[in-house]
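For reference, the structure is listed below as structure tokens.
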Amino acid sequence: MECPGCQFDMREHELDGVMIDECKRCGGVWLDAGEAEELVKKAPTPREALQKKKLELLRQWQVAALNPRETDRKCPRCPEPLMRVNYKDIPGLQIDKCRSDCGMYLDKGELEKVRLID
Ligand SMILES: [Zn+2]
Ligand SMILES: [Zn+2]
């Protein structure tokens with residue numbers, strides 16, 4: 001599968017029991033629909049620690065919400081383009097999501113933040 005970020009070949013990779021697609025070149029990650037929620041459920045860190053980190057992050061995210069816009073990145077699962085949106089309506093946490101809801105593409109470092117949100 002082609003990386004939407006850099007067109008390199010993505011490889012399947014297991015993360016806490018969930019098979020995700022990862023790009024070894026740019027560090028981007030593709031999550032099929034439902035996998036983000038699955039990863040949140042299987043997060044190895046104790047809930048209290050996550051909760052604290054999440055609140056810290058939410059405090060930093062006091063920026064204006066984004067209007068969804070089309071990117072020039074393509075969904076690796078279908079012919080639709082990826083849309084730049086706020087993940088779960090959280091201002092400041094922007095991800096690329098397929099317009100047909102196949103899944104989402106996360107740039108390096110974004111997965112860690114997405115895993116804090118349930
Ligand atoms: Zn890549
Ligand atoms: Zn798609």
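Each chain of the structure tokens is named A, B, ... in the order shown, its residues numbered from 1; ligands are numbered from 1 in display order.
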
Inset, instruction - List the neighbours of Gly34 in chain A out to 10 Å using only C-alpha atoms; skip same-chain residues closer than 3 positions along the sequence, and give me the result as a ChimeraX atom specification. - result: /A:31,37-39,101-104

How would the residues just picked look written out with C-alpha atoms as a short mmCIF file (atom, residue, chain, number, x, y, z; two decimals), in the first residue's frame?
data_model
loop_
_atom_site.label_atom_id
_atom_site.label_comp_id
_atom_site.auth_asym_id
_atom_site.auth_seq_id
_atom_site.Cartn_x
_atom_site.Cartn_y
_atom_site.Cartn_z
CA LEU A 31 -5.39 3.39 10.43
CA GLU A 37 -10.59 3.22 18.89
CA GLU A 38 -9.10 -0.28 19.10
CA LEU A 39 -5.67 1.19 19.90
CA ASP A 101 -14.37 6.91 5.85
CA CYS A 102 -11.95 4.10 4.88
CA GLY A 103 -9.66 5.31 7.61
CA MET A 104 -7.16 8.02 8.45
#

Legend entry - Distance query Pro81 in chain A at most 7 Å, only C-alpha atoms, self and fewer than 5 positions along chain excluded, as a list in words: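 With the cut-off at 7 Å, the set is Glu70, Thr71, Asp72, Arg73, Lys74, Cys75, Cys98 and Arg99 of chain A.
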
With ligand 1 as the partner and 7 Å as the cut-off, tabulate the residues of chain A that qualify, each row holding the nearest pair of atoms and their distance in Å to one decimal, using only C-alpha atoms and all ligand atoms, sorted by chain and rising number, as JSON lines.
{"residue": "A:Cys3", "atom": "CA", "partner": "ligand 1", "partner_atom_place_in_ligand_line": "1 (Zn)", "distance": 4.7}
{"residue": "A:Pro4", "atom": "CA", "partner": "ligand 1", "partner_atom_place_in_ligand_line": "1 (Zn)", "distance": 6.6}
{"residue": "A:Gly5", "atom": "CA", "partner": "ligand 1", "partner_atom_place_in_ligand_line": "1 (Zn)", "distance": 4.8}
{"residue": "A:Cys6", "atom": "CA", "partner": "ligand 1", "partner_atom_place_in_ligand_line": "1 (Zn)", "distance": 4.1}
{"residue": "A:Gln7", "atom": "CA", "partner": "ligand 1", "partner_atom_place_in_ligand_line": "1 (Zn)", "distance": 6.0}
{"residue": "A:Phe8", "atom": "CA", "partner": "ligand 1", "partner_atom_place_in_ligand_line": "1 (Zn)", "distance": 5.3}
{"residue": "A:Cys23", "atom": "CA", "partner": "ligand 1", "partner_atom_place_in_ligand_line": "1 (Zn)", "distance": 4.6}
{"residue": "A:Lys24", "atom": "CA", "partner": "ligand 1", "partner_atom_place_in_ligand_line": "1 (Zn)", "distance": 6.7}
{"residue": "A:Arg25", "atom": "CA", "partner": "ligand 1", "partner_atom_place_in_ligand_line": "1 (Zn)", "distance": 5.2}
{"residue": "A:Cys26", "atom": "CA", "partner": "ligand 1", "partner_atom_place_in_ligand_line": "1 (Zn)", "distance": 4.1}
{"residue": "A:Gly27", "atom": "CA", "partner": "ligand 1", "partner_atom_place_in_ligand_line": "1 (Zn)", "distance": 6.1}
{"residue": "A:Gly28", "atom": "CA", "partner": "ligand 1", "partner_atom_place_in_ligand_line": "1 (Zn)", "distance": 5.3}

Legend entry - Filtered DSSP result for range 42-94 of chain A, state strand (DSSP E), as a VMD selection string: chain A and resid 69 to 74 81 to 86 94

Could you write those residues out with N, CA and C atoms, as a short mmCIF file (atom, residue, chain, number, x, y, z; two decimals), in the first residue's frame?
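again_30.cif, written as the output of this step:
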data_model
loop_
_atom_site.label_atom_id
_atom_site.label_comp_id
_atom_site.auth_asym_id
_atom_site.auth_seq_id
_atom_site.Cartn_x
_atom_site.Cartn_y
_atom_site.Cartn_z
N ARG A 69 -10.79 20.62 4.86
CA ARG A 69 -10.41 20.96 3.48
C ARG A 69 -9.74 19.77 2.82
N GLU A 70 -9.86 19.73 1.52
CA GLU A 70 -9.29 18.65 0.75
C GLU A 70 -7.77 18.80 0.67
N THR A 71 -7.04 17.71 0.78
CA THR A 71 -5.58 17.76 0.62
C THR A 71 -5.23 17.15 -0.73
N ASP A 72 -3.97 17.22 -1.11
CA ASP A 72 -3.58 16.55 -2.36
C ASP A 72 -3.12 15.12 -2.09
N ARG A 73 -3.38 14.65 -0.88
CA ARG A 73 -3.07 13.26 -0.55
C ARG A 73 -4.25 12.37 -0.93
N LYS A 74 -3.92 11.19 -1.42
CA LYS A 74 -4.97 10.25 -1.82
C LYS A 74 -5.14 9.15 -0.79
N PRO A 81 -9.87 11.66 -2.20
CA PRO A 81 -8.76 12.37 -1.56
C PRO A 81 -8.93 12.34 -0.04
N LEU A 82 -7.86 12.63 0.66
CA LEU A 82 -7.95 12.72 2.12
C LEU A 82 -8.33 14.15 2.49
N MET A 83 -9.14 14.28 3.55
CA MET A 83 -9.57 15.57 4.03
C MET A 83 -8.81 15.92 5.31
N ARG A 84 -8.36 17.17 5.40
CA ARG A 84 -7.70 17.64 6.62
C ARG A 84 -8.81 18.04 7.58
N VAL A 85 -8.93 17.35 8.71
CA VAL A 85 -10.01 17.62 9.66
C VAL A 85 -9.47 17.62 11.09
N ASN A 86 -10.26 18.11 12.00
CA ASN A 86 -9.92 18.01 13.42
C ASN A 86 -10.37 16.64 13.90
N GLN A 94 -5.03 17.87 14.17
CA GLN A 94 -5.46 17.74 12.78
C GLN A 94 -4.94 16.44 12.18
#

Inset, instruction - Write out as number ranges by chain the residues lying within 9 Å of Leu116 in chain A, counting only C-alpha atoms and excluding same-chain residues fewer than 4 positions away. - result: A: 40, 43, 50-51, 53-54, 111-112

Would you mind exporting N, CA and C atoms of the selected residues as a compact mmCIF listing (two decimals), in the first residue's frame?
# COMPACT_ATOMS: atom_id res chain seq x y z
N VAL A 40 -6.89 2.73 21.33
CA VAL A 40 -7.14 3.43 22.58
C VAL A 40 -7.48 2.40 23.66
N ALA A 43 -4.35 0.49 24.83
CA ALA A 43 -3.20 1.27 25.28
C ALA A 43 -2.61 0.65 26.55
N LEU A 50 -2.70 8.32 31.35
CA LEU A 50 -3.19 8.80 30.06
C LEU A 50 -4.10 10.00 30.25
N GLN A 51 -4.95 9.91 31.24
CA GLN A 51 -5.91 10.97 31.51
C GLN A 51 -5.19 12.29 31.79
N LYS A 53 -2.12 13.12 30.84
CA LYS A 53 -1.46 13.57 29.62
C LYS A 53 -2.48 14.21 28.67
N LYS A 54 -3.67 13.58 28.63
CA LYS A 54 -4.72 14.08 27.75
C LYS A 54 -5.15 15.50 28.16
N LEU A 111 -0.05 9.75 15.98
CA LEU A 111 -0.70 8.55 16.54
C LEU A 111 -0.72 8.60 18.06
N GLU A 112 0.39 9.06 18.63
CA GLU A 112 0.51 9.14 20.08
C GLU A 112 -0.61 10.03 20.67

Inset, instruction - Using only C-alpha atoms, determine which residues lie at most 9 Å from Glu110 in chain A, disregarding the query and same-chain residues fewer than 2 positions distant; provide the list as number ranges by chain. - result: A: 28-29, 93-95, 106-108, 112-115

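Between CA of Lys52 in chain A and CA of Asp118 in chain A lies a distance of 13.7 Å.
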